[in-house]
file structure13.cif (mmCIF, C-alpha atoms)
data_data
#
loop_
_atom_site.label_atom_id
_atom_site.label_comp_id
_atom_site.auth_asym_id
_atom_site.auth_seq_id
_atom_site.Cartn_x
_atom_site.Cartn_y
_atom_site.Cartn_z
CA MET A 245 27.09 -105.29 -50.28
CA MET A 246 25.50 -103.17 -47.60
CA ASP A 247 22.10 -103.89 -49.12
CA ALA A 248 22.77 -107.59 -48.97
CA LEU A 249 23.79 -107.33 -45.31
CA ALA A 250 20.68 -105.32 -44.56
CA ASP A 251 18.58 -108.00 -46.26
CA ILE A 252 20.18 -110.70 -44.18
CA ALA A 253 19.61 -108.68 -41.03
CA ASP A 254 15.96 -108.27 -41.99
CA ALA A 255 15.61 -111.96 -42.69
CA LEU A 256 17.15 -112.83 -39.31
CA ARG A 257 14.83 -110.43 -37.57
CA ASP A 258 11.80 -111.99 -39.32
CA LEU A 259 13.01 -115.45 -38.43
CA ARG A 260 13.46 -114.48 -34.79
CA ALA A 261 10.07 -112.84 -34.73
CA SER A 262 8.47 -115.97 -36.13
CA TYR A 263 10.13 -118.09 -33.45
CA ILE A 264 9.09 -115.73 -30.69
CA GLY A 265 5.63 -115.73 -32.18
CA SER A 266 5.47 -119.51 -32.14
CA ASP A 267 6.68 -119.78 -28.56
CA ASP A 268 3.37 -118.91 -27.06
CA THR A 269 0.73 -120.62 -29.12
CA ARG A 270 -1.73 -121.49 -26.40
CA THR A 271 -3.53 -118.21 -26.02
CA PRO A 272 -3.73 -117.37 -29.72
CA LYS A 273 -4.98 -120.88 -30.52
CA VAL A 274 -7.94 -120.56 -28.20
CA THR A 275 -8.75 -117.17 -29.65
CA GLN A 276 -8.41 -118.60 -33.13
CA MET A 277 -10.85 -121.44 -32.50
CA THR A 278 -13.38 -118.99 -31.12
CA ASP A 279 -12.81 -116.78 -34.14
CA VAL A 280 -13.47 -119.67 -36.53
CA LYS A 281 -16.74 -120.50 -34.77
CA THR A 282 -17.79 -116.86 -34.90
CA GLN A 283 -16.75 -116.63 -38.52
CA ILE A 284 -18.79 -119.73 -39.45
CA ASP A 285 -21.76 -118.50 -37.45
CA GLU A 286 -21.68 -115.15 -39.24
CA THR A 287 -21.29 -116.76 -42.67
CA VAL A 288 -24.22 -119.17 -42.32
CA LYS A 289 -26.47 -116.46 -40.89
CA ALA A 290 -25.55 -113.72 -43.37
CA ASN A 291 -26.19 -115.90 -46.43
CA ASP A 292 -29.45 -117.75 -47.16
CA VAL A 293 -27.78 -120.85 -48.58
CA VAL A 294 -24.20 -121.84 -47.74
CA LEU A 295 -22.35 -124.98 -48.79
CA TYR A 296 -19.15 -125.94 -46.97
CA MET A 297 -17.38 -128.17 -49.46
CA LYS A 298 -14.06 -129.46 -50.72
CA GLY A 299 -13.15 -127.26 -53.66
CA SER A 300 -15.43 -124.62 -55.12
CA LYS A 301 -18.84 -124.80 -56.76
CA THR A 302 -17.20 -124.46 -60.16
CA MET A 303 -14.35 -126.85 -59.34
CA PRO A 304 -15.33 -129.36 -56.66
CA GLN A 305 -12.48 -131.53 -55.31
CA CYS A 306 -14.49 -134.46 -53.99
CA GLY A 307 -17.32 -136.55 -55.40
CA PHE A 308 -19.64 -135.90 -52.46
CA SER A 309 -19.14 -132.14 -52.57
CA SER A 310 -19.54 -132.28 -56.32
CA ARG A 311 -22.88 -134.03 -56.05
CA VAL A 312 -24.43 -131.49 -53.68
CA ALA A 313 -22.99 -128.48 -55.54
CA GLY A 314 -24.22 -130.07 -58.77
CA VAL A 315 -27.78 -130.40 -57.45
CA LEU A 316 -27.83 -126.78 -56.27
CA ASN A 317 -26.31 -125.50 -59.51
CA PHE A 318 -28.76 -127.52 -61.59
CA MET A 319 -31.69 -126.25 -59.52
CA GLY A 320 -30.48 -122.70 -60.08
CA VAL A 321 -30.07 -122.00 -56.37
CA GLU A 322 -27.88 -119.05 -55.49
CA PHE A 323 -25.50 -120.21 -52.80
CA THR A 324 -22.27 -119.23 -51.09
CA ASP A 325 -19.55 -121.86 -51.35
CA VAL A 326 -16.81 -122.15 -48.75
CA ASP A 327 -13.80 -124.30 -49.64
CA VAL A 328 -12.68 -126.09 -46.47
CA LEU A 329 -9.46 -127.21 -48.15
CA ALA A 330 -8.36 -123.57 -48.18
CA ASP A 331 -8.26 -123.34 -44.37
CA PRO A 332 -7.53 -126.22 -41.94
CA ASP A 333 -9.19 -124.29 -39.09
CA VAL A 334 -12.44 -124.01 -41.02
CA ARG A 335 -12.15 -127.64 -42.12
CA GLN A 336 -12.12 -128.75 -38.48
CA GLY A 337 -14.23 -125.84 -37.25
CA ILE A 338 -17.24 -126.65 -39.42
CA LYS A 339 -17.32 -130.21 -38.03
CA ASP A 340 -17.30 -128.88 -34.47
CA TYR A 341 -19.89 -126.24 -35.33
CA SER A 342 -22.48 -128.72 -36.60
CA ASP A 343 -21.36 -131.78 -34.62
CA TRP A 344 -21.21 -133.57 -37.97
CA PRO A 345 -18.06 -135.43 -39.06
CA THR A 346 -18.11 -134.99 -42.82
CA VAL A 347 -18.06 -132.42 -45.59
CA PRO A 348 -20.06 -131.26 -47.60
CA GLN A 349 -22.44 -129.51 -45.22
CA LEU A 350 -25.44 -127.51 -46.40
CA TYR A 351 -26.89 -124.63 -44.39
CA VAL A 352 -30.15 -122.83 -45.13
CA LYS A 353 -30.92 -119.67 -43.16
CA GLY A 354 -28.30 -120.57 -40.58
CA GLU A 355 -29.65 -124.08 -39.99
CA PHE A 356 -27.62 -127.19 -40.78
CA VAL A 357 -29.64 -129.27 -43.25
CA GLY A 358 -27.37 -132.24 -43.87
CA GLY A 359 -24.56 -133.78 -45.85
CA CYS A 360 -24.49 -135.54 -49.19
CA ASP A 361 -26.76 -138.48 -48.34
CA ILE A 362 -29.44 -136.35 -46.70
CA ILE A 363 -29.44 -133.78 -49.50
CA THR A 364 -29.70 -136.55 -52.09
CA GLU A 365 -32.65 -138.13 -50.26
CA MET A 366 -34.34 -134.76 -49.77
CA THR A 367 -33.89 -133.85 -53.43
CA LEU A 368 -35.49 -137.08 -54.60
CA SER A 369 -38.35 -136.92 -52.07
CA GLY A 370 -39.14 -133.27 -52.77
CA GLU A 371 -38.37 -132.24 -49.17
CA LEU A 372 -35.60 -129.96 -50.41
CA ASP A 373 -38.15 -128.08 -52.58
CA THR A 374 -40.34 -127.61 -49.51
CA LEU A 375 -37.39 -126.44 -47.42
CA PHE A 376 -36.48 -123.83 -50.05
CA GLU A 377 -40.09 -122.69 -50.39
CA ASP A 378 -40.53 -122.38 -46.63
CA ASN A 379 -37.37 -120.26 -46.43
CA GLY A 380 -38.06 -118.09 -49.45
CA VAL A 381 -35.12 -119.46 -51.43
CA THR A 382 -35.58 -119.18 -55.19
CA TYR A 383 -35.07 -122.40 -57.18
CA ASP A 384 -36.10 -123.92 -60.48
CA LYS A 385 -38.92 -126.37 -59.80
CA ASP A 386 -38.73 -127.81 -63.33
CA ALA A 387 -35.06 -128.60 -62.87
CA ALA A 388 -35.81 -130.31 -59.56
CA ASP A 389 -38.52 -132.38 -61.27
CA LYS A 390 -36.04 -133.33 -63.99
CA ILE A 391 -33.61 -134.66 -61.38
CA ARG A 392 -36.42 -136.75 -59.92
CA GLU A 393 -37.51 -138.04 -63.34
CA ALA A 394 -33.92 -139.06 -64.17
CA ASN A 395 -33.55 -140.85 -60.85
CA GLY A 396 -37.08 -142.11 -60.35
CA MET B 116 -6.33 -147.64 -42.72
CA ALA B 117 -9.22 -149.66 -44.09
CA MET B 118 -12.02 -151.15 -42.02
CA GLN B 119 -13.97 -154.37 -42.35
CA ALA B 120 -17.73 -154.23 -42.84
CA GLN B 121 -18.15 -156.38 -39.72
CA GLU B 122 -16.23 -153.85 -37.58
CA ILE B 123 -18.56 -151.08 -38.73
CA GLU B 124 -21.61 -153.21 -38.01
CA ASP B 125 -20.26 -154.16 -34.57
CA LEU B 126 -19.66 -150.53 -33.62
CA ILE B 127 -23.16 -149.51 -34.70
CA ARG B 128 -24.60 -152.60 -32.98
CA GLU B 129 -23.07 -151.53 -29.65
CA THR B 130 -25.26 -148.44 -29.65
CA PHE B 131 -28.24 -149.90 -31.52
CA PRO B 132 -28.46 -153.55 -30.37
CA ASP B 133 -31.79 -154.28 -32.02
CA ALA B 134 -31.26 -152.39 -35.26
CA GLN B 135 -31.49 -153.87 -38.71
CA ILE B 136 -28.05 -153.04 -40.15
CA THR B 137 -26.92 -153.55 -43.73
CA ILE B 138 -23.34 -152.68 -44.70
CA THR B 139 -22.27 -152.56 -48.34
CA ASP B 140 -18.67 -152.12 -49.50
CA LEU B 141 -19.25 -149.74 -52.39
CA ALA B 142 -15.83 -149.73 -54.00
CA GLY B 143 -14.34 -152.98 -52.70
CA ASP B 144 -11.48 -151.02 -51.14
CA GLY B 145 -12.53 -151.23 -47.49
CA ASN B 146 -12.84 -147.46 -47.46
CA HIS B 147 -16.15 -146.57 -49.09
CA TYR B 148 -19.16 -148.11 -47.44
CA ALA B 149 -22.88 -147.66 -47.39
CA ALA B 150 -24.75 -148.41 -44.20
CA GLU B 151 -28.49 -148.72 -43.78
CA VAL B 152 -29.65 -148.63 -40.18
CA ILE B 153 -33.26 -149.18 -39.25
CA ASP B 154 -34.04 -148.81 -35.59
CA ALA B 155 -37.03 -147.95 -33.45
CA ALA B 156 -34.91 -145.36 -31.60
CA PHE B 157 -35.04 -143.20 -34.74
CA ALA B 158 -38.78 -142.59 -34.43
CA GLY B 159 -39.40 -138.88 -33.91
CA MET B 160 -35.84 -137.88 -34.86
CA ASN B 161 -35.07 -136.02 -38.06
CA ARG B 162 -32.39 -137.35 -40.41
CA VAL B 163 -29.65 -135.13 -39.03
CA GLN B 164 -30.39 -136.35 -35.49
CA GLN B 165 -30.56 -139.98 -36.64
CA GLN B 166 -27.29 -139.85 -38.52
CA ARG B 167 -25.51 -137.90 -35.78
CA ALA B 168 -26.39 -140.79 -33.47
CA VAL B 169 -24.88 -143.29 -35.93
CA TYR B 170 -21.73 -141.18 -36.37
CA ALA B 171 -21.43 -141.01 -32.59
CA ALA B 172 -21.61 -144.81 -32.47
CA LEU B 173 -18.63 -144.96 -34.85
CA LYS B 174 -16.54 -143.20 -32.20
CA GLY B 175 -14.36 -141.00 -34.31
CA LYS B 176 -13.52 -143.58 -36.99
CA MET B 177 -14.38 -140.98 -39.59
CA ASP B 178 -12.44 -138.14 -38.01
CA GLY B 179 -10.21 -136.13 -40.25
CA PRO B 180 -8.03 -137.11 -43.18
CA ASN B 181 -6.45 -139.93 -41.15
CA GLY B 182 -9.69 -141.55 -40.04
CA ASP B 183 -10.06 -145.28 -40.63
CA LEU B 184 -13.12 -144.75 -42.69
CA HIS B 185 -13.16 -142.25 -45.53
CA ALA B 186 -16.71 -142.56 -46.70
CA LEU B 187 -19.87 -144.00 -45.25
CA ALA B 188 -23.09 -143.34 -47.11
CA LEU B 189 -25.76 -143.44 -44.44
CA THR B 190 -29.42 -144.24 -44.73
CA THR B 191 -31.34 -144.19 -41.48
CA LYS B 192 -34.98 -144.68 -40.68
CA ALA B 193 -37.40 -145.94 -38.11
CA PRO B 194 -39.14 -149.24 -38.88
CA ALA B 195 -42.29 -148.73 -40.96
#

call {"tool": "encode", "arguments": {"input": "structure13.cif", "output": "structure tokens"}}
result
Amino acid sequence: MMDALADIADALRDLRASYIGSDDTRTPKVTQMTDVKTQIDETVKANDVVLYMKGSKTMPQCGFSSRVAGVLNFMGVEFTDVDVLADPDVRQGIKDYSDWPTVPQLYVKGEFVGGCDIITEMTLSGELDTLFEDNGVTYDKDAADKIREANG
Amino acid sequence: MAMQAQEIEDLIRETFPDAQITITDLAGDGNHYAAEVIDAAFAGMNRVQQQRAVYAALKGKMDGPNGDLHALALTTKAPA
């Protein structure tokens, strides 16, 4: 009985704390947005190839994300995948970061390369190969050629 | 929340009056379109810069999960 009362008291305290916490959202929100930008900036600079996508590279949740992840996987490119569906702040933050309204977004050495259409075009034209070579990113040239043969 | 192809073309046309614009409804659901925009203004811009300019012309129609337009496959280039 006493335990139950103590539990209820704890629950009430948590509830109150959460309300108090939500009273003043303005300052934390600003900090949070800055944090997201910093977090994105650090992620794209610390990893050679980063794909912001819906879902993960092994389980994409959108056809456009799936296509870009599929190309990178097929070309044997090592890349970091960030699932924007896991965090609404990142989902919005990545669009603000690149001034680009859609996901997926591919970054190489901290530079925004493009979304699904651009990556598709660059894959077929061979520009993506050049970009990887210029940035010292390892990829399978034969696999890239196979994609081009199949879509030529 | 669907959009007509003509609305998309009109929005792009406001920013690029002399462009050659082709809109294709990919899925027939008013939500998945392809747009090809060919305009002299694109000369000297890379693809990201070209497509940013087109997205800007669409004035937020693609913003977020509640945007009017879910998918627009863009092809942009300067006239050959």

call {"tool": "interface_residues", "arguments": {"input": "structure13.cif", "of": "chain B", "to": "chain A", "cutoff": "9 Å", "atoms": "all atoms listed in the file", "output": "tab-separated table (two decimals) with C-alpha atoms, in the coordinates of the input"}}
result
chain	number	residue	atom	x	y	z
B	162	ARG	CA	-32.39	-137.35	-40.41
B	163	VAL	CA	-29.65	-135.13	-39.03
B	166	GLN	CA	-27.29	-139.85	-38.52
B	167	ARG	CA	-25.51	-137.90	-35.78
B	170	TYR	CA	-21.73	-141.18	-36.37
B	175	GLY	CA	-14.36	-141.00	-34.31
B	177	MET	CA	-14.38	-140.98	-39.59
B	178	ASP	CA	-12.44	-138.14	-38.01
B	179	GLY	CA	-10.21	-136.13	-40.25
B	186	ALA	CA	-16.71	-142.56	-46.70
B	188	ALA	CA	-23.09	-143.34	-47.11
B	189	LEU	CA	-25.76	-143.44	-44.44
B	190	THR	CA	-29.42	-144.24	-44.73

call {"tool": "resolve_selection", "arguments": {"input": "structure13.cif", "expression": "the PyMOL selection byres ((chain B and resi 122-129) around 12)", "output": "MDAnalysis selection string"}}
result
chainID B and resid 117:121 130:140 145:154 166:177 183:184 186:187 189 191

call {"tool": "atom_distance", "arguments": {"input": "structure13.cif", "atom1": "CA of Ala156 in chain B", "atom2": "CA of Ala193 in chain B"}}
result
7.0 Å

call {"tool": "resolve_selection", "arguments": {"input": "structure13.cif", "expression": "the PyMOL selection byres ((chain A and resi 331-334) around 10)", "output": "PyMOL selection string"}}
result
chain A and resi 276-277+279-281+283-284+296+326-330+335-341

call {"tool": "resolve_selection", "arguments": {"input": "structure13.cif", "expression": "the PyMOL selection byres ((chain A and resi 294) around 7)", "output": "list in words"}}
result
Val288, Asn291, Asp292, Val293, Leu295, Tyr296, Phe323, Thr324, Asp325, Leu350, Tyr351 and Val352 of chain A

call {"tool": "write_last_selection", "arguments": {"input": "structure13.cif", "atoms": "C-alpha atoms", "output": "tab-separated table (two decimals), in the coordinates of the input"}}
result
chain	number	residue	atom	x	y	z
A	288	VAL	CA	-24.22	-119.17	-42.32
A	291	ASN	CA	-26.19	-115.90	-46.43
A	292	ASP	CA	-29.45	-117.75	-47.16
A	293	VAL	CA	-27.78	-120.85	-48.58
A	295	LEU	CA	-22.35	-124.98	-48.79
A	296	TYR	CA	-19.15	-125.94	-46.97
A	323	PHE	CA	-25.50	-120.21	-52.80
A	324	THR	CA	-22.27	-119.23	-51.09
A	325	ASP	CA	-19.55	-121.86	-51.35
A	350	LEU	CA	-25.44	-127.51	-46.40
A	351	TYR	CA	-26.89	-124.63	-44.39
A	352	VAL	CA	-30.15	-122.83	-45.13
